[in-house]
Amino acid sequence: MSQIPKCADVAIIGGGAAGCLAAMAAKEANPAAEVVIVEKASIRRGGSIACGMDAINVVVIPGISKVDDLVRAQMSAAQGILDPAVVRAVGEESFGVLQDLERWGVKFPRDKSGKYETFKQWSARDSASAVTSVSMEGDVKVILDREVEKRKVRRMEHSPVTAIHAAGGRVAGISGFDIRNGDFFTLPAKTVVIAAGSGARFGLPETGVLHAVFDCPACAGDSYSLAFRAGAELVNMECVKHYFAVRYFNGPGLAPLSHGSRLVNALGQAFLEKSASGDLELQNYMDLFSAVQREYREGRGPVYIDTRPLSPKMVQELERCFFTTERPTFKKFFEERGLKIGRDLIEGNLSEAVLCGGHGINGIKVNAKAETNVKGLYAAGDAAANAVSLMGAFVLGRIAGREGVSRAKGLPPPEISPGEAEAEKKLVLEPLKRSEGIPPALLERKVRQAVNLYVDNPKSEPKLLTAQKHLEKLREDASVMKAADLHDAMKAAEVRAILDCADMVTAASLARKESRWGIYHYRVDFPKRDDENWKKFVVVKRGSSGRAATSIDPIPGG
Amino acid sequence: MQIRIDLHKCNGCGVCAEICPVDVFRVNEENRLAEARYEIDCWYCGACEGDCPTQAISVRLPYLLP
């Protein structure tokens with residue numbers, strides 16, 4: 001870890017796509033500002049896109065797509081429960097970000113006339129408008145790492161942040177510890193950006209392997225828990241996402257469908273009916289998810305991705321995206337099983353329950369300036385409810401950094417209360433001192449089992465109330481965790497975050513007395529969607545008891 | 001073993017320990033070579049394989065995957 005500054009103008013939690021763009025934007029606006037990225041792993045490979053990404057799902061390219069269309073498509077996909085101003089802000093700066101990425105060395109393939117190679121997501125395959133996606137090549141994280149370094153951003157790596165401190169209604173700084181030397185640190189900060197990713201370790205995958213999850217397991221819900229404990233508001237926590245995945249590996253299963261594969265059940269039957277509303281992205285995904293779940297439930301599983309209809313060009317494109325980006329070990333998965341794209345049927349299923357503000361719609365409530373309700377606290381990327389995936393991370397990160405550094409100007413250095421810092425230090429390091437106690441990995445398994453059994457769909461009031469009882473007990477267990485070493489102490493902190501997430505999801509799921517978003521929030525006791533009463537946000541915030549409390553808010557501009 | 005390190009190729013540079021997104025690696029205090037100390041936490045993203053300057057690391061899929 002590099003030397004800790006006395007006070008940061010902008011402290012950024014997480015060095016993924018959003019955090020890097022935030023840091024660069026802050027330094028570009030004010031090169032003299034003290035800007036720090038605090039990352040639990042490294043900036044070079046930290047975050048969900050460690051080994052790159054094959055495409056940017058959302059970009060508004062002048063002459064091809066329009067911001068209005070993007071806003072309409074995303075609002076419709078979120079069934080109206082999203083802040084349209086946030087989506088608009090991302091759309092407006094998206095092409096600028098794409099051009100900057102290209103200048104830094106990320107490749108976006110173009111045809112002979114110089115036009116970007118665009119494609120459509122599976123759900124928009126039959127529609128004229130909707131969202132534009134572009135293919136992407138190049139080692140994005142390595143490029144961002146270099147650009148961050150060029151701008152003299154300070155970095156504190158291998159340092160999970162475990163608390164955000166506030167004083168007098170505004171942010172005062174952060175604290176955490178270095179997992180290599182065990183030093184606890186506090187960093188006073190005039191503004192803080194939460195960019196610590198999604199909640200990948202929420203449900204337990206069907207393999208039972210804790211880290212064999214769809215999204216990067218380093219993103220353990222830290223973002224949501226940190227925000228919650230700092231008094232920030234979160235929305236849509238009841239919208240619990242599942243991906244459609246290549247079974248067991250948990251790799252992206254929708255990509256083959258976007259490129260022309262079809263879905264069949266174990267009897268070889270195509271079971272998806274074409275949706276009447278071709279351009280409603282998430283809604284169509286939800287039809288797909290419900291259908292897959294039904295086939296398994298009614299005994300017609302496994303479900304297969306039939307890759308035989310793929311054209312040779314598409315096979316090549318899929319092999320490139322599967323075998324060279326995201327998790328290149330996908331190649332070994334196909335090889336070990338003797339599977340070949342274009343020749344074989346590949347088992348697919350829904351992933352475990354995931355929380356995600358970029359691919360899903362749950363997360364920290366922000367406005368178009370990436371501000372939360374806590375003064376000086378911003379959120380970006382999968383941490384923030386935005387639904388615009390990787391582009392949402394890039395643009396909201398940029399906005400948060402820019403806004404944060406501008407706010408910091410002229411503010412006096414804040415002070416972190418010594419008592420608060422001491423209490424946090426004790427909480428974080430105490431598991432290392434216990435001679436006996438529960439290992440964090442064991443407790444994590446129980447918490448995530450409870451999520452599968454009581455918090456995830458199908459939901460009902462009795463089930464969710466039972467979840468609360470289990471979670472209360474598990475929280476007591478969390479106070480007697482024993483960490484074998486510093487790596488384990490990090491996991492203990494992550495388990496506390498997962499518990500906070502489960503608490504928030506349970507409270508929000510109880511509050512939304514309707515069903516919405518297909519299998520993402522299905523209440524058996526309120527099976528119908530009720531637009532008249534529920535086109536609203538369920539807002540979650542830390543209540544006086546320390547547990548999640550909910551309120552119902554109108555949708556901004558809705 | 002899910003992560004194989006060829007100790008004849010490893011030069012102990014510590015890049016794997018530096019970059020692993022889920023903190024799997026350490027440089028062993030005794031032989032000064034890489035060790036996959038927390039391989040149970042591997043997400044098999046393959047970052048270590050790609051970044052190792054001597055191609056000493058090979059990541060296999062977890063045995064527990066069906």
# chains A, B, ... in the order shown; residues from 1 in each chain; ligands from 1
>>> residues_around(residues="Pro62 in chain B", least_positions_apart="5", cutoff="12 Å", atoms="only C-alpha atoms", output="PyMOL selection string")
(chain A and resi 207-212+248-249+329+332-333+336) or (chain B and resi 1-3+39-45)
>>> interface_residues(of="chain B", to="chain A", cutoff="12 Å", atoms="only C-alpha atoms", output="mmCIF file with N, CA, C and O atoms, in the first residue's frame")
data_model
loop_
_atom_site.group_PDB
_atom_site.id
_atom_site.type_symbol
_atom_site.label_atom_id
_atom_site.label_comp_id
_atom_site.auth_asym_id
_atom_site.auth_seq_id
_atom_site.Cartn_x
_atom_site.Cartn_y
_atom_site.Cartn_z
ATOM 1 N N ILE B 3 -5.089 -25.058 -9.096
ATOM 2 C CA ILE B 3 -4.122 -24.133 -9.682
ATOM 3 C C ILE B 3 -2.749 -24.784 -9.628
ATOM 4 O O ILE B 3 -2.262 -25.141 -8.553
ATOM 5 N N VAL B 15 3.782 -11.267 -9.230
ATOM 6 C CA VAL B 15 2.725 -10.626 -10.027
ATOM 7 C C VAL B 15 1.368 -11.271 -9.734
ATOM 8 O O VAL B 15 0.358 -10.585 -9.571
ATOM 9 N N CYS B 16 1.329 -12.594 -9.634
ATOM 10 C CA CYS B 16 0.061 -13.292 -9.374
ATOM 11 C C CYS B 16 -0.558 -12.821 -8.060
ATOM 12 O O CYS B 16 -1.766 -12.571 -7.982
ATOM 13 N N ALA B 17 0.294 -12.684 -7.039
ATOM 14 C CA ALA B 17 -0.202 -12.244 -5.729
ATOM 15 C C ALA B 17 -0.667 -10.795 -5.794
ATOM 16 O O ALA B 17 -1.571 -10.378 -5.080
ATOM 17 N N GLU B 18 -0.054 -10.038 -6.694
ATOM 18 C CA GLU B 18 -0.395 -8.634 -6.849
ATOM 19 C C GLU B 18 -1.766 -8.469 -7.522
ATOM 20 O O GLU B 18 -2.574 -7.645 -7.108
ATOM 21 N N ILE B 19 -2.017 -9.267 -8.555
ATOM 22 C CA ILE B 19 -3.166 -8.950 -9.416
ATOM 23 C C ILE B 19 -4.412 -9.811 -9.187
ATOM 24 O O ILE B 19 -5.495 -9.439 -9.623
ATOM 25 N N CYS B 20 -4.321 -10.949 -8.531
ATOM 26 C CA CYS B 20 -5.496 -11.829 -8.413
ATOM 27 C C CYS B 20 -6.677 -11.072 -7.799
ATOM 28 O O CYS B 20 -6.561 -10.548 -6.695
ATOM 29 N N PRO B 21 -7.808 -11.006 -8.499
ATOM 30 C CA PRO B 21 -8.952 -10.233 -7.982
ATOM 31 C C PRO B 21 -9.527 -10.788 -6.680
ATOM 32 O O PRO B 21 -10.193 -10.067 -5.953
ATOM 33 N N VAL B 22 -9.281 -12.086 -6.398
ATOM 34 C CA VAL B 22 -9.844 -12.672 -5.182
ATOM 35 C C VAL B 22 -8.769 -13.144 -4.202
ATOM 36 O O VAL B 22 -9.022 -13.973 -3.337
ATOM 37 N N ASP B 23 -7.545 -12.618 -4.354
ATOM 38 C CA ASP B 23 -6.494 -12.781 -3.344
ATOM 39 C C ASP B 23 -6.099 -14.239 -3.097
ATOM 40 O O ASP B 23 -5.918 -14.655 -1.960
ATOM 41 N N VAL B 24 -5.968 -15.005 -4.190
ATOM 42 C CA VAL B 24 -5.638 -16.422 -4.053
ATOM 43 C C VAL B 24 -4.159 -16.655 -3.703
ATOM 44 O O VAL B 24 -3.827 -17.565 -2.952
ATOM 45 N N PHE B 25 -3.257 -15.814 -4.223
ATOM 46 C CA PHE B 25 -1.819 -16.128 -4.172
ATOM 47 C C PHE B 25 -1.051 -15.409 -3.075
ATOM 48 O O PHE B 25 -1.399 -14.304 -2.667
ATOM 49 N N ARG B 26 -0.005 -16.033 -2.653
ATOM 50 C CA ARG B 26 1.022 -15.409 -1.819
ATOM 51 C C ARG B 26 2.373 -15.885 -2.327
ATOM 52 O O ARG B 26 2.469 -16.961 -2.938
ATOM 53 N N VAL B 27 3.407 -15.105 -2.058
ATOM 54 C CA VAL B 27 4.761 -15.596 -2.294
ATOM 55 C C VAL B 27 5.174 -16.309 -1.013
ATOM 56 O O VAL B 27 5.134 -15.711 0.074
ATOM 57 N N ARG B 37 -2.345 -20.087 -2.128
ATOM 58 C CA ARG B 37 -2.694 -20.380 -0.738
ATOM 59 C C ARG B 37 -4.201 -20.497 -0.518
ATOM 60 O O ARG B 37 -4.665 -21.266 0.296
ATOM 61 N N TYR B 38 -4.970 -19.704 -1.257
ATOM 62 C CA TYR B 38 -6.429 -19.708 -1.035
ATOM 63 C C TYR B 38 -7.148 -20.141 -2.304
ATOM 64 O O TYR B 38 -8.068 -19.480 -2.774
ATOM 65 N N GLU B 39 -6.738 -21.277 -2.863
ATOM 66 C CA GLU B 39 -7.268 -21.629 -4.182
ATOM 67 C C GLU B 39 -8.759 -21.953 -4.148
ATOM 68 O O GLU B 39 -9.429 -21.877 -5.169
ATOM 69 N N ILE B 40 -9.299 -22.227 -2.985
ATOM 70 C CA ILE B 40 -10.737 -22.473 -2.865
ATOM 71 C C ILE B 40 -11.527 -21.229 -3.295
ATOM 72 O O ILE B 40 -12.674 -21.307 -3.696
ATOM 73 N N ASP B 41 -10.877 -20.049 -3.228
ATOM 74 C CA ASP B 41 -11.556 -18.806 -3.585
ATOM 75 C C ASP B 41 -11.447 -18.440 -5.066
ATOM 76 O O ASP B 41 -11.927 -17.401 -5.496
ATOM 77 N N CYS B 42 -10.796 -19.302 -5.838
ATOM 78 C CA CYS B 42 -10.564 -18.998 -7.263
ATOM 79 C C CYS B 42 -11.892 -18.861 -8.013
ATOM 80 O O CYS B 42 -12.813 -19.661 -7.835
ATOM 81 N N TRP B 43 -11.967 -17.824 -8.867
ATOM 82 C CA TRP B 43 -13.144 -17.624 -9.744
ATOM 83 C C TRP B 43 -12.797 -18.122 -11.145
ATOM 84 O O TRP B 43 -13.534 -17.891 -12.076
ATOM 85 N N TYR B 44 -11.604 -18.744 -11.273
ATOM 86 C CA TYR B 44 -11.048 -19.189 -12.559
ATOM 87 C C TYR B 44 -11.236 -18.164 -13.670
ATOM 88 O O TYR B 44 -11.680 -18.483 -14.756
ATOM 89 N N CYS B 45 -10.877 -16.895 -13.356
ATOM 90 C CA CYS B 45 -10.931 -15.856 -14.397
ATOM 91 C C CYS B 45 -9.729 -15.962 -15.313
ATOM 92 O O CYS B 45 -9.756 -15.491 -16.450
ATOM 93 N N GLY B 46 -8.636 -16.558 -14.807
ATOM 94 C CA GLY B 46 -7.466 -16.758 -15.657
ATOM 95 C C GLY B 46 -6.521 -15.570 -15.724
ATOM 96 O O GLY B 46 -5.568 -15.578 -16.501
ATOM 97 N N ALA B 47 -6.756 -14.546 -14.905
ATOM 98 C CA ALA B 47 -5.886 -13.365 -14.937
ATOM 99 C C ALA B 47 -4.434 -13.742 -14.617
ATOM 100 O O ALA B 47 -3.500 -13.271 -15.259
ATOM 101 N N CYS B 48 -4.233 -14.649 -13.644
ATOM 102 C CA CYS B 48 -2.879 -15.041 -13.243
ATOM 103 C C CYS B 48 -2.143 -15.731 -14.383
ATOM 104 O O CYS B 48 -0.977 -15.458 -14.650
ATOM 105 N N GLU B 49 -2.858 -16.623 -15.071
ATOM 106 C CA GLU B 49 -2.276 -17.340 -16.205
ATOM 107 C C GLU B 49 -1.769 -16.371 -17.257
ATOM 108 O O GLU B 49 -0.654 -16.490 -17.765
ATOM 109 N N GLY B 50 -2.598 -15.394 -17.557
ATOM 110 C CA GLY B 50 -2.261 -14.428 -18.601
ATOM 111 C C GLY B 50 -1.156 -13.473 -18.192
ATOM 112 O O GLY B 50 -0.360 -13.049 -19.029
ATOM 113 N N ASP B 51 -1.108 -13.107 -16.907
ATOM 114 C CA ASP B 51 -0.155 -12.073 -16.479
ATOM 115 C C ASP B 51 1.183 -12.633 -16.009
ATOM 116 O O ASP B 51 2.163 -11.895 -15.887
ATOM 117 N N SER B 58 -1.076 -22.556 -14.316
ATOM 118 C CA SER B 58 -2.149 -23.127 -15.115
ATOM 119 C C SER B 58 -3.374 -23.297 -14.211
ATOM 120 O O SER B 58 -3.301 -23.904 -13.152
ATOM 121 N N VAL B 59 -4.492 -22.706 -14.640
ATOM 122 C CA VAL B 59 -5.722 -22.761 -13.837
ATOM 123 C C VAL B 59 -6.636 -23.830 -14.400
ATOM 124 O O VAL B 59 -6.936 -23.829 -15.591
ATOM 125 N N ARG B 60 -7.037 -24.748 -13.546
ATOM 126 C CA ARG B 60 -8.022 -25.750 -13.957
ATOM 127 C C ARG B 60 -9.352 -25.405 -13.323
ATOM 128 O O ARG B 60 -9.422 -24.668 -12.362
ATOM 129 N N LEU B 61 -10.421 -25.968 -13.902
ATOM 130 C CA LEU B 61 -11.734 -25.706 -13.337
ATOM 131 C C LEU B 61 -11.854 -26.458 -12.017
ATOM 132 O O LEU B 61 -11.244 -27.513 -11.852
ATOM 133 N N PRO B 62 -12.636 -25.934 -11.082
ATOM 134 C CA PRO B 62 -12.757 -26.612 -9.792
ATOM 135 C C PRO B 62 -13.275 -28.033 -9.970
ATOM 136 O O PRO B 62 -14.176 -28.277 -10.764
ATOM 137 N N TYR B 63 -12.696 -28.955 -9.238
ATOM 138 C CA TYR B 63 -13.112 -30.353 -9.278
ATOM 139 C C TYR B 63 -14.603 -30.470 -8.955
ATOM 140 O O TYR B 63 -15.301 -31.350 -9.467
ATOM 141 N N LEU B 64 -15.089 -29.571 -8.121
ATOM 142 C CA LEU B 64 -16.471 -29.672 -7.651
ATOM 143 C C LEU B 64 -17.514 -29.305 -8.708
ATOM 144 O O LEU B 64 -18.697 -29.540 -8.519
ATOM 145 N N LEU B 65 -17.089 -28.711 -9.824
ATOM 146 C CA LEU B 65 -18.076 -28.426 -10.869
ATOM 147 C C LEU B 65 -18.468 -29.746 -11.540
ATOM 148 O O LEU B 65 -17.595 -30.522 -11.918
ATOM 149 N N PRO B 66 -19.762 -30.013 -11.689
ATOM 150 C CA PRO B 66 -20.169 -31.280 -12.311
ATOM 151 C C PRO B 66 -19.636 -31.386 -13.753
ATOM 152 O O PRO B 66 -19.412 -30.393 -14.390
#
>>> atom_distance(atom1="CA of Glu335 in chain A", atom2="CA of Val315 in chain A")
15.2 Å
>>> residues_around(residues="Phe202 in chain A", least_positions_apart="4", cutoff="6 Å", atoms="only C-alpha atoms", output="PyMOL selection string")
chain A and resi 353-354+448
>>> select_by_dssp(residues="chain B", states="strand (DSSP E)", output="MDAnalysis selection string")
chainID B and resid 3:5 26:27 34:35 57:59
>>> write_last_selection(atoms="N, CA and C atoms", output="PDB file, in the first residue's frame")
ATOM      1  N   ILE B   3      -5.089 -25.058  -9.096  1.00  0.00           N
ATOM      2  CA  ILE B   3      -4.122 -24.133  -9.682  1.00  0.00           C
ATOM      3  C   ILE B   3      -2.749 -24.784  -9.628  1.00  0.00           C
ATOM      4  N   ARG B   4      -2.141 -24.968 -10.780  1.00  0.00           N
ATOM      5  CA  ARG B   4      -0.818 -25.595 -10.846  1.00  0.00           C
ATOM      6  C   ARG B   4       0.241 -24.530 -11.078  1.00  0.00           C
ATOM      7  N   ILE B   5       1.259 -24.555 -10.244  1.00  0.00           N
ATOM      8  CA  ILE B   5       2.369 -23.632 -10.445  1.00  0.00           C
ATOM      9  C   ILE B   5       3.619 -24.463 -10.729  1.00  0.00           C
ATOM     10  N   ARG B  26      -0.005 -16.033  -2.653  1.00  0.00           N
ATOM     11  CA  ARG B  26       1.022 -15.409  -1.819  1.00  0.00           C
ATOM     12  C   ARG B  26       2.373 -15.885  -2.327  1.00  0.00           C
ATOM     13  N   VAL B  27       3.407 -15.105  -2.058  1.00  0.00           N
ATOM     14  CA  VAL B  27       4.761 -15.596  -2.294  1.00  0.00           C
ATOM     15  C   VAL B  27       5.174 -16.309  -1.013  1.00  0.00           C
ATOM     16  N   ALA B  34       5.799 -18.591  -5.824  1.00  0.00           N
ATOM     17  CA  ALA B  34       4.348 -18.394  -5.733  1.00  0.00           C
ATOM     18  C   ALA B  34       3.650 -19.618  -5.148  1.00  0.00           C
ATOM     19  N   GLU B  35       2.576 -19.330  -4.438  1.00  0.00           N
ATOM     20  CA  GLU B  35       1.802 -20.388  -3.806  1.00  0.00           C
ATOM     21  C   GLU B  35       0.324 -20.003  -3.919  1.00  0.00           C
ATOM     22  N   ILE B  57       1.893 -20.591 -14.439  1.00  0.00           N
ATOM     23  CA  ILE B  57       0.611 -20.926 -13.796  1.00  0.00           C
ATOM     24  C   ILE B  57      -0.382 -21.515 -14.779  1.00  0.00           C
ATOM     25  N   SER B  58      -1.076 -22.556 -14.316  1.00  0.00           N
ATOM     26  CA  SER B  58      -2.149 -23.127 -15.115  1.00  0.00           C
ATOM     27  C   SER B  58      -3.374 -23.297 -14.211  1.00  0.00           C
ATOM     28  N   VAL B  59      -4.492 -22.706 -14.640  1.00  0.00           N
ATOM     29  CA  VAL B  59      -5.722 -22.761 -13.837  1.00  0.00           C
ATOM     30  C   VAL B  59      -6.636 -23.830 -14.400  1.00  0.00           C
TER      31      VAL B  59
END
>>> select_by_dssp(residues="chain B", states="helix (DSSP H, G or I)", output="PyMOL selection string")
chain B and resi 15-19+39-41+47-51
>>> write_last_selection(atoms="all heavy atoms", output="mmCIF file, in the first residue's frame")
data_model
loop_
_atom_site.group_PDB
_atom_site.id
_atom_site.type_symbol
_atom_site.label_atom_id
_atom_site.label_comp_id
_atom_site.auth_asym_id
_atom_site.auth_seq_id
_atom_site.Cartn_x
_atom_site.Cartn_y
_atom_site.Cartn_z
ATOM 1 N N VAL B 15 3.782 -11.267 -9.230
ATOM 2 C CA VAL B 15 2.725 -10.626 -10.027
ATOM 3 C C VAL B 15 1.368 -11.271 -9.734
ATOM 4 O O VAL B 15 0.358 -10.585 -9.571
ATOM 5 C CB VAL B 15 3.062 -10.683 -11.542
ATOM 6 C CG1 VAL B 15 1.820 -10.452 -12.392
ATOM 7 C CG2 VAL B 15 4.113 -9.646 -11.883
ATOM 8 N N CYS B 16 1.329 -12.594 -9.634
ATOM 9 C CA CYS B 16 0.061 -13.292 -9.374
ATOM 10 C C CYS B 16 -0.558 -12.821 -8.060
ATOM 11 O O CYS B 16 -1.766 -12.571 -7.982
ATOM 12 C CB CYS B 16 0.272 -14.801 -9.388
ATOM 13 S SG CYS B 16 1.604 -15.369 -8.314
ATOM 14 N N ALA B 17 0.294 -12.684 -7.039
ATOM 15 C CA ALA B 17 -0.202 -12.244 -5.729
ATOM 16 C C ALA B 17 -0.667 -10.795 -5.794
ATOM 17 O O ALA B 17 -1.571 -10.378 -5.080
ATOM 18 C CB ALA B 17 0.900 -12.394 -4.681
ATOM 19 N N GLU B 18 -0.054 -10.038 -6.694
ATOM 20 C CA GLU B 18 -0.395 -8.634 -6.849
ATOM 21 C C GLU B 18 -1.766 -8.469 -7.522
ATOM 22 O O GLU B 18 -2.574 -7.645 -7.108
ATOM 23 C CB GLU B 18 0.707 -7.977 -7.709
ATOM 24 C CG GLU B 18 0.578 -6.489 -7.949
ATOM 25 C CD GLU B 18 0.598 -5.691 -6.669
ATOM 26 O OE1 GLU B 18 1.281 -6.117 -5.717
ATOM 27 O OE2 GLU B 18 -0.084 -4.645 -6.626
ATOM 28 N N ILE B 19 -2.017 -9.267 -8.555
ATOM 29 C CA ILE B 19 -3.166 -8.950 -9.416
ATOM 30 C C ILE B 19 -4.412 -9.811 -9.187
ATOM 31 O O ILE B 19 -5.495 -9.439 -9.623
ATOM 32 C CB ILE B 19 -2.789 -9.011 -10.914
ATOM 33 C CG1 ILE B 19 -2.228 -10.383 -11.314
ATOM 34 C CG2 ILE B 19 -1.775 -7.929 -11.250
ATOM 35 C CD1 ILE B 19 -3.196 -11.349 -11.832
ATOM 36 N N GLU B 39 -6.738 -21.277 -2.863
ATOM 37 C CA GLU B 39 -7.268 -21.629 -4.182
ATOM 38 C C GLU B 39 -8.759 -21.953 -4.148
ATOM 39 O O GLU B 39 -9.429 -21.877 -5.169
ATOM 40 C CB GLU B 39 -6.463 -22.758 -4.827
ATOM 41 C CG GLU B 39 -6.708 -24.116 -4.250
ATOM 42 C CD GLU B 39 -6.191 -25.219 -5.182
ATOM 43 O OE1 GLU B 39 -5.491 -24.919 -6.153
ATOM 44 O OE2 GLU B 39 -6.514 -26.379 -4.917
ATOM 45 N N ILE B 40 -9.299 -22.227 -2.985
ATOM 46 C CA ILE B 40 -10.737 -22.473 -2.865
ATOM 47 C C ILE B 40 -11.527 -21.229 -3.295
ATOM 48 O O ILE B 40 -12.674 -21.307 -3.696
ATOM 49 C CB ILE B 40 -11.097 -22.903 -1.412
ATOM 50 C CG1 ILE B 40 -12.543 -23.400 -1.289
ATOM 51 C CG2 ILE B 40 -10.877 -21.777 -0.427
ATOM 52 C CD1 ILE B 40 -12.747 -24.788 -1.812
ATOM 53 N N ASP B 41 -10.877 -20.049 -3.228
ATOM 54 C CA ASP B 41 -11.556 -18.806 -3.585
ATOM 55 C C ASP B 41 -11.447 -18.440 -5.066
ATOM 56 O O ASP B 41 -11.927 -17.401 -5.496
ATOM 57 C CB ASP B 41 -10.999 -17.647 -2.749
ATOM 58 C CG ASP B 41 -11.398 -17.775 -1.285
ATOM 59 O OD1 ASP B 41 -12.389 -18.476 -1.017
ATOM 60 O OD2 ASP B 41 -10.723 -17.190 -0.428
ATOM 61 N N ALA B 47 -6.756 -14.546 -14.905
ATOM 62 C CA ALA B 47 -5.886 -13.365 -14.937
ATOM 63 C C ALA B 47 -4.434 -13.742 -14.617
ATOM 64 O O ALA B 47 -3.500 -13.271 -15.259
ATOM 65 C CB ALA B 47 -6.383 -12.306 -13.954
ATOM 66 N N CYS B 48 -4.233 -14.649 -13.644
ATOM 67 C CA CYS B 48 -2.879 -15.041 -13.243
ATOM 68 C C CYS B 48 -2.143 -15.731 -14.383
ATOM 69 O O CYS B 48 -0.977 -15.458 -14.650
ATOM 70 C CB CYS B 48 -2.946 -15.957 -12.025
ATOM 71 S SG CYS B 48 -4.047 -17.374 -12.229
ATOM 72 N N GLU B 49 -2.858 -16.623 -15.071
ATOM 73 C CA GLU B 49 -2.276 -17.340 -16.205
ATOM 74 C C GLU B 49 -1.769 -16.371 -17.257
ATOM 75 O O GLU B 49 -0.654 -16.490 -17.765
ATOM 76 C CB GLU B 49 -3.364 -18.210 -16.846
ATOM 77 C CG GLU B 49 -3.123 -19.674 -16.773
ATOM 78 C CD GLU B 49 -4.183 -20.437 -17.569
ATOM 79 O OE1 GLU B 49 -4.486 -20.094 -18.730
ATOM 80 O OE2 GLU B 49 -4.723 -21.378 -16.986
ATOM 81 N N GLY B 50 -2.598 -15.394 -17.557
ATOM 82 C CA GLY B 50 -2.261 -14.428 -18.601
ATOM 83 C C GLY B 50 -1.156 -13.473 -18.192
ATOM 84 O O GLY B 50 -0.360 -13.049 -19.029
ATOM 85 N N ASP B 51 -1.108 -13.107 -16.907
ATOM 86 C CA ASP B 51 -0.155 -12.073 -16.479
ATOM 87 C C ASP B 51 1.183 -12.633 -16.009
ATOM 88 O O ASP B 51 2.163 -11.895 -15.887
ATOM 89 C CB ASP B 51 -0.762 -11.221 -15.356
ATOM 90 C CG ASP B 51 -1.781 -10.218 -15.889
ATOM 91 O OD1 ASP B 51 -1.986 -10.197 -17.123
ATOM 92 O OD2 ASP B 51 -2.372 -9.454 -15.096
#
>>> atom_distance(atom1="CA of Asp306 in chain A", atom2="CA of Asn250 in chain A")
16.8 Å
>>> closest_residue(among="A:Arg103, A:Arg308, A:Lys241, A:Lys66", to="Asn457 in chain A", atoms="only C-alpha atoms")
A:Lys241
>>> residues_around(residues="Lys513 in chain A", least_positions_apart="6", cutoff="9 Å", atoms="only C-alpha atoms", output="JSON list (two decimals) with C-alpha atoms, in the first residue's frame")
[["chain", "number", "residue", "atom", "x", "y", "z"],
["A", 523, "ARG", "CA", -45.05, -12.82, -4.35],
["A", 525, "ASP", "CA", -49.62, -13.85, -1.85],
["A", 526, "PHE", "CA", -49.77, -10.92, -4.33],
["A", 527, "PRO", "CA", -49.34, -12.68, -7.69],
["A", 530, "ASP", "CA", -50.33, -3.67, -9.82],
["A", 534, "TRP", "CA", -46.97, 0.11, -7.16]]
>>> atom_distance(atom1="CA of Val140 in chain A", atom2="CA of Thr307 in chain A")
28.5 Å
>>> closest_residue(among="A:Val90, A:Pro31, A:Ile174, A:Arg320", to="Gly138 in chain A", atoms="only C-alpha atoms")
A:Arg320
